[in-house]
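A short worksheet on the structure shown next.
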Amino acid sequence: MDISGYEYQWLVLLGIAVFFAIRLGVGYYASRKVSSATDFIVAGRRLPIYLAGASIMATWFAAEVLMGASSNAYQYGFQGVVFDPFGAGLCLLISGFFFIRLMRRARYLTLIDFFEHRYGRTMGFLISLVQLVTYFGWTAAQIVAGGNIVHALFGWPVAAGMILVATIVTVYTLMGGMWADTLLDFMQMFLTAGGITLVFSAVVRAIGGWDVLVANAGSMFTSKPFTLLPISGEGYLGYDGLLGWTYWLAAWMAVGLGSIAAQDLMQRSMSARNEATSVWGTYMASALYIGFGVLSPLIGIGMFVLNPNLTVDQTEFVLVSAAMKYLTPILTSVFIAALASALMSTSDTSILAGASIVSENILPFLRNKKMDGKAQLLWTRIGVVGMGAVSLLLALYAETIYKLATFSWTVLLVGVFTSFAFGMYWKRANLVGAVTAFVTGFTTWLILTLVVLLPITLVVCEGDYEVAVWDAAYIGSVPALIVSIIGMVVGSLVTQKSNPPLPLRDVDGNIIEFSNRLGINPLWDALRKLKPGEEDRT
């Protein structure tokens with residue numbers, strides 16, 4: 001993205017500076033609400049539905065997702081965005097219906113708390129390490145992207161931009177924790193969703209109306225831009241037959257299932273004031289995410305109608321180009337500033353998620369005892385600084401980490417999702433089954449990706465090794481998940497006597513009733529004002 005030739009560049013830079021200042025100010029304001037680790041990690045479990053839903057939506061409605069969706073849709077139509085927003089919207093629906101209610105009922109602080117209570121502390125520690133590595137990579141990816149945006153806007157070296165972004169995000173997260181993240185996400189949702197709506201409306205007007213867009217819609221590599229299914233004769237993203245359908249399933253599952261067992265989603269859902277609010281907040285986030293998220297790929301398809309001659313590299317910032325060309329200067333500056341700010345929303349989420357795992361799960365495991373409230377709050381804040389610093393170092397020394405980070409959600413799909421889902425719904429699931437599921441799923445995925453599929457995808461990708469690796473990894477995740485499920489079932493059944501399953505317990509050690517586990521709470525319970533002491537009952 002290069003705005004050096006944009007007449008109102010100064011206005012965009014002013015908008016960026018104002019947004020940075022607002023984030024620091026909100027961090028200071030939120031710090032006054034934090035008096036315990038529960039306040040810092042899950043906002044005291046006091047979020048109403050509008051904050052819970054907006055926070056989840058804004059966290060996932062990130063700048064790189066919006067820009068990537070418009071670019072992918074320009075190239076592949078809706079096929080290119082099955083991963084996100086469609087797979088992400090599916091993830092929120094599945095989470096809300098099957099998993100969120102029991103997680104909130106247990107009053108966990110982290111996702112790892114579930115694994116510790118269901119399978120034991122050893123499994124909790126293993127999953128902690130997997131999640132932590134994931135969030136180091138994901139945070140570093142956001143810092144890399146932020147550094148490049150600052151470079152494009154201000155002309156600074158990319159490394160300087162990374163340091164600026166990492167410092168601002170770490171400072172306001174350190175001050176306000178989940179309260180700061182939630183308040184900023186709430187504001188962010190309106191700005192980003194409103195901005196993308198304005199850009200979409202402007203592009204449609206430039207084309208001549210919605211009917212003209214539909215009649216003339218096209219994309220760079222597919223003949224049917226509005227279809228989500230593989231196309232006869234074209235397949236899915238260049239892969240035909242069984243391979244194409246497997247890739248299509250993988251696209252739905254990468255985020256659709258892989259992100260279910262992730263700390264950032266569960267942490268925000270567990271911040272809601274009761275079970276009903278956590279469930280309906282997730283449904284609200286799903287509706288908002290799909291409703292506004294689909295506008296970005298529609299903009300990409302619309303820009304193809306207006307200018308079908310872009311190269312693949314030029315499509316990367318087609319969304320920003322549309323804003324600069326079709327919005328007024330003030331609206332353009334606000335929208336680009338909101339995109340830069342949205343990048344920080346994703347960064348603060350991953351920093352807080354990683355820090356929470358460190359203080360709540362990893363340190364108590366190493367010390368063999370839980371910390372008191374003040375010590376946990378202190379170590380969570382130390383973890384925020386550590387997450388920011390290590391992620392910055394990774395970003396500075398591995399600037400290609402962005403694709404590796406997007407790749408990381410597939411690791412959670414093949415290694416973590418099975419033990420999480422079966423632990424929730426199958427009473428016979430035990431530690432041996434969970435470890436077997438992780439080892440067999442992850443190993444199968446690596447072997448399929450590097451040995452079986454890579455030679456095939458290299459041919460389809462015409463020797464482009466980097467793209468071929470990503471394609472092979474996604475395709476390999478489908479059979480790897482199946483193997484992981486088999487490993488869970490077999491491993492658990494053959495060791496029922498030697499390794500009896502543990503019942504699901506809440507944070508106080510009480511066995512959780514499995515009744516009323518589905519997300520079918522009355523909406524009224526999420527909307528009504530609760531009486532003191534009633535927060536955990538609905």
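Residue numbers start at 1 in each chain; chains themselves are named A, B, ... in the order of the structure tokens; ligands are numbered from 1 in the order shown.
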Exercise. Name all residues at most 12 Å from Leu413 in chain A (count only C-alpha atoms; drop same-chain ones fewer than 3 positions away) and give them as a ChimeraX atom specification.
Key: /A:91,130-131,134,250-262,407-410,416-421,437-438,441-442,445,473-474,476-485
Quiz item: Please, which residues of range 203-449 of chain A, numbered as in this document, come out alpha helix (DSSP H) from DSSP, as a VMD selection string?
Solution: chain A and resid 203 to 207 210 to 216 241 to 256 263 to 269 275 to 293 295 to 306 318 to 326 329 to 357 363 to 367 373 to 397 401 to 415 417 to 425 431 to 447
Quiz item: Taking into account only C-alpha atoms, which residue in the set A:Leu458, A:Ala17, A:Val65, A:Leu378 is nearest to Glu316 in chain A?
Solution: A:Val65
Quiz prompt | Atomic separation - CA of Gln188 in chain A relative to CA of Ile301 in chain A, Å | solution = 25.1 Å
Practice problem: Using only C-alpha atoms, pick whichever of A:Leu454, A:Tyr236, A:Val414, A:Pro501 has the shortest atom-to-atom distance to Trp426 in chain A. | Solution: A:Pro501
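If only C-alpha atoms are the atoms counted, then among A:Leu518, A:Val144, A:Val34, A:Ile22 the closest residue to Ala276 in chain A is A:Leu518.
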Quiz item: Separation of CA of Asp464 in chain A and CA of Phe304 in chain A, in Å?
Solution: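 Distance reported for this atom pair: 24.7 Å.
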Self-check item: Residues near range 221-224 of chain A, cut-off 9 Å, only C-alpha atoms, skip fewer than 6 positions along chain, as a list in words
Solution: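 Once the adjacent positions are removed, what remains is Tyr74, Gln75, Tyr76, Gly77, Phe78, Gln79, Ile231, Glu234, Leu237 and Gly238 of chain A.
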Contacts of range 272-381 of chain A with range 107-112 of chain A up to 7 Å, shortest pair per row, only C-alpha atoms, as a tab-separated table:
```
residue	atom	partner	partner_atom	distance
A:Ser356	CA	A:Thr110	CA	6.9
A:Ile357	CA	A:Thr110	CA	6.5
A:Asn361	CA	A:Ile112	CA	6.8
```
Exercise. Select, from A:Pro48, A:Gly281, A:Gly120, A:Pro297, the residue with the minimum atom-to-atom distance to Val432 in chain A, counting only C-alpha atoms.
Key: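 Of A:Pro48, A:Gly281, A:Gly120, A:Pro297, the one nearest Val432 in chain A, counting only C-alpha atoms, is A:Gly120.
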Quiz item: Near range 171-182 of chain A, within 8 Å and counting only C-alpha atoms, which residues show up once chain neighbours fewer than 3 positions away are dropped, as JSON, numbers by chain?
Solution: {"A": [23, 24, 25, 26, 27, 28, 29, 30, 31, 32, 33, 34, 39, 40, 41, 42, 43, 51, 52, 55, 167, 168, 185, 186, 345, 348, 349, 351, 352, 381, 384, 385]}
Quiz item: With distances taken over only C-alpha atoms, which of A:Ser286, A:Met387, A:Ser498, A:Cys461 is nearest to Leu90 in chain A?
Solution: A:Ser286
Practice problem: For CA of Ala54 in chain A and CA of Ser36 in chain A, determine how far apart the two atoms are, in Å to one decimal place. | Solution: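 If I compute the distance from CA of Ala54 in chain A to CA of Ser36 in chain A, I get 23.5 Å.
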Self-check item: Residue set, range 17-252 of chain A restricted to strand (DSSP E or B), as a ChimeraX atom specification
Solution: /A:47,231,235-236,239
